[in-house]
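Visitor: Here's a structure for you.
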Amino acid sequence: MKPGTGRRSTPSIRILTMGYSIRDSSELEQAVVAEIADALKSPGSWMLFYLEEGFRLGASSGVPVGLLKEWVSIDEFGAKEARQMLRSKAGHFCNSVGLFIGGEWAKAKKISRLLLLPIVSEGDVLGAIAVALVRGRRAPGLSLRATLQTNAAAALSNVRDRETIESRAIANQRSANRANELVQFARAIDSNNVELIWDKAIEYLPRMFAAGLVSIFLYDRSENKLVLKRGHNQDFEGAIEVDLGDEESGGLMATAIRSGSPWLQHDVRGHKRSRNRAKYRSDSCLIIPLRESSSEHKLIGVVNFANPDEPSGFHAVDLDSATIVGELLGTKVLNAMMWAELQKLAVTDSLTGLVIHGYFKEALETEVTRAERFGKHLSLLMMDVDLFKQINDLYGHPAGDTALVEIANILTD
C-alpha cells in the first residue's frame, strides 16, 4: 500500500483493525467513538457502559468536556426503551437528547435525536455508542450502522479479552511470587529467639508488601497496650506505647484489632486520630493484627504498613497473604516467648528468681574461657549471709526464705 492510502479502507474495517493494533481499552474506546462520529458525519459521539441500574459515561469525541451526563439511570431512560435499544440489530433512535447531553450544545449543533448503537459480544452487553444526529440530515443507512456496530463490538471485546488474560497472568505470577515470599518468610522467622524473629520480620515485611514505613508492636495483655518492638524507616526516641483502653489513643490500630482481620484503608482522613502529614505521604494504610493460629486467636501484636510504593496504595489482593502473615508471625512469636519462659524456669530458682548453681558453673566456665582467649580480666564477686543459720533457728525457715528473697532483690536491682 502506498503512503497516504490508509484512509481508503472502510470505517468498519479500520475499527476492526484497531482491536488488534491498540492494546489499551481506554485508548481504543476513544478511537472507536471518533471513527464512528466521522463515519456517520456526526458532530459528536460517546460510549455508554451498561449497568443494571443505568448507563455510565465512557470515552467521547467532539463534545466539549463537562456537557455529557456522567450517569443516566434506567428509570430516567425508560426500562422498555432500554430493552428495545439493547436488542436492536442496527441501532436505536432516541429522541430524549437532554437525558444525555446539555441542551445549549445540542441546540447550537441542531441535534434532533440520538442514534444508540448497542455493543453486544457473544451475548455479553457492554453498553452502547451514542451518536448525535443533526436535524434534517439523512439518517445513516441500515447496513452501515449494522457493520459499524458489529465491528465495534468485536474490537472492544477483543481488547477487553486480551486485557483480562494479561491481568490474570499478572495476578497468577504475583500469587506465585507471594507464595514463594511466604515460604521464605516462614523459614526466616523459624526460631525460638523472639528478638531474632522481630529482626527478620522487619527485614522481610517491607519488601513483601512494598511499604516505605513499617512498625511492629507487641501486645501487653496485663496493661492492655501495644509496645513498639521494631520500626522500618522510622526514628523512634524512647519507648513507644499505645493504650488500647482509650479509643482515641488506640487510633487506627485499635480499629484494625476490633475488625479481627487485616485492615486495608485507602482514605484515613476521616478517622478521629489525625496523622502527621510530613510523615505519611499517602492516606493508604494496611494493618495486620498478629494472632495465634489456635481456635482462641489470641492477640499477640500488630504490624503497621504505610507509605506504599505504588501511588494506587496497598492492594486488596494482599489481604489473603496478610492473614497468613498475621497468624504465622503471631504464632511464632508466642511460641518463642513460651520457650523463653520455659528456659527461664529451667535455670531459675523458684524462690529467689536467681539462676541455679548448675547454670552458674556453666556461665563461669564460659566467661573464664572467653577472658583467656581475649586476654581480658575477669572479676568474681562472692557474698556470704552472716548469721543466716541463726535466723532460721530463731524465726523459722519461712523467715530465712524471706531474707533470701530480699537479698536476691538487692542483687537483681
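Here's how to read the names in the C-alpha cells: chain A, B, ... by the order shown, residue numbers from 1 in each chain, ligand numbers from 1 in the order shown.
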Give me the residues near Arg23 (chain A) as a list in words, where near means some atom within 10 Å (using only C-alpha atoms) and where sequence neighbours in that chain fewer than 6 positions away do not count.
Guide: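 Non-adjacent residues within range: Asn158, Val159, Arg160, Arg162 and Glu163 of chain A.
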Visitor: Give the strand (DSSP E) residues of region 6-95 of chain A, as DSSP finds them on the backbone, and put them as a list in words.
Guide: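 Residues meeting the strand (DSSP E) criterion: Ser45, Trp46, Met47, Leu48, Phe49, Tyr50, Leu51, Gly54, Phe55, Arg56, Leu57, Gly58, Ala59, Ser60, Ser61, Trp71, Val72, Ser73, His92, Phe93 and Cys94 of chain A.
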Visitor: Go ahead and dump the residues you just picked, C-alpha atoms, as a PDB file, in the first residue's frame.
Guide:
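Listed below is the output, result_12.pdb:
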ATOM      1  CA  SER A  45     -20.358  10.525  19.794  1.00  0.00           C
ATOM      2  CA  TRP A  46     -19.632   8.833  23.134  1.00  0.00           C
ATOM      3  CA  MET A  47     -19.550   5.499  24.944  1.00  0.00           C
ATOM      4  CA  LEU A  48     -22.265   4.444  27.391  1.00  0.00           C
ATOM      5  CA  PHE A  49     -21.412   1.463  29.606  1.00  0.00           C
ATOM      6  CA  TYR A  50     -24.444  -0.553  30.638  1.00  0.00           C
ATOM      7  CA  LEU A  51     -25.039  -1.498  34.270  1.00  0.00           C
ATOM      8  CA  GLY A  54     -28.349   2.553  34.124  1.00  0.00           C
ATOM      9  CA  PHE A  55     -25.643   3.883  31.802  1.00  0.00           C
ATOM     10  CA  ARG A  56     -22.222   5.238  32.812  1.00  0.00           C
ATOM     11  CA  LEU A  57     -20.386   7.664  30.540  1.00  0.00           C
ATOM     12  CA  GLY A  58     -17.179   6.474  28.836  1.00  0.00           C
ATOM     13  CA  ALA A  59     -14.936   7.994  26.157  1.00  0.00           C
ATOM     14  CA  SER A  60     -16.309  10.815  23.972  1.00  0.00           C
ATOM     15  CA  SER A  61     -15.409  12.598  20.756  1.00  0.00           C
ATOM     16  CA  TRP A  71     -24.797   8.784  34.672  1.00  0.00           C
ATOM     17  CA  VAL A  72     -28.279   8.151  33.292  1.00  0.00           C
ATOM     18  CA  SER A  73     -30.478   5.788  35.288  1.00  0.00           C
ATOM     19  CA  HIS A  92     -31.999   2.537  18.198  1.00  0.00           C
ATOM     20  CA  PHE A  93     -33.150   6.132  17.712  1.00  0.00           C
ATOM     21  CA  CYS A  94     -33.682   8.126  20.895  1.00  0.00           C
TER      22      CYS A  94
END
Visitor: Would you mind writing down, as a ChimeraX atom specification, each residue of region 18-247 of chain A that DSSP on the backbone assigns to alpha helix (DSSP H)?
Guide: /A:18-21,25-39,74-77,79-87,103-108,142-188,194-208,247
Visitor: Would you mind listing what lies within 9 Å of Glu223 (chain A) as a VMD selection string, with only C-alpha atoms counted and same-chain residues fewer than 2 positions away left out?
Guide: chain A and resid 219 to 221 225 to 226 243 to 245
Visitor: Please report the interatomic distance between CA of His297 (chain A) and CA of His315 (chain A) in Å with one decimal.
Guide: 24.6 Å
Visitor: Calculated over only C-alpha atoms, which of the candidates A:His377, A:Asp190, A:Ser21, A:Gly78 has the smallest distance to Asn335 (chain A)?
Guide: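 Checking each of A:His377, A:Asp190, A:Ser21, A:Gly78 against Asn335 (chain A), counting only C-alpha atoms, the winner is A:Asp190.
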Visitor: Which of these residues is nearest to Leu354 (chain A), using only C-alpha atoms: A:Glu310, A:Asp386, A:Asp38, A:Asp413?
Guide: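 Of all the options, A:Asp413 lies closest to Leu354 (chain A).
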Visitor: With distances taken over only C-alpha atoms, which of A:Asn192, A:Ile240, A:Phe314, A:Phe217 is nearest to Leu290 (chain A)?
Guide: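 For Leu290 (chain A), the nearest of the candidates is A:Phe217.
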Visitor: Between A:Leu116, A:Ile356, A:Leu364, A:Leu299, which is the closest to Ala82 (chain A) once you count only C-alpha atoms?
Guide: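 Distance minimum relative to Ala82 (chain A) lands on A:Leu116.
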Visitor: Could you check how far CA of Thr412 (chain A) sits from CA of Asp349 (chain A), in Å to one decimal?
Guide: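 Answer for the CA of Thr412 (chain A) to CA of Asp349 (chain A) separation: 13.2 Å.
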Visitor: Could you state the separation of CA of Asn180 (chain A) and CA of Val317 (chain A) in Å, given to one decimal place?
Guide: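 According to the coordinates, CA of Asn180 (chain A) and CA of Val317 (chain A) are separated by 15.8 Å.
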Visitor: Residues near Ala155 (chain A), anyone? I mean within 9 Å using only C-alpha atoms, not counting same-chain ones fewer than 6 positions away, as a ChimeraX atom specification.
Guide: /A:15-20,28,32
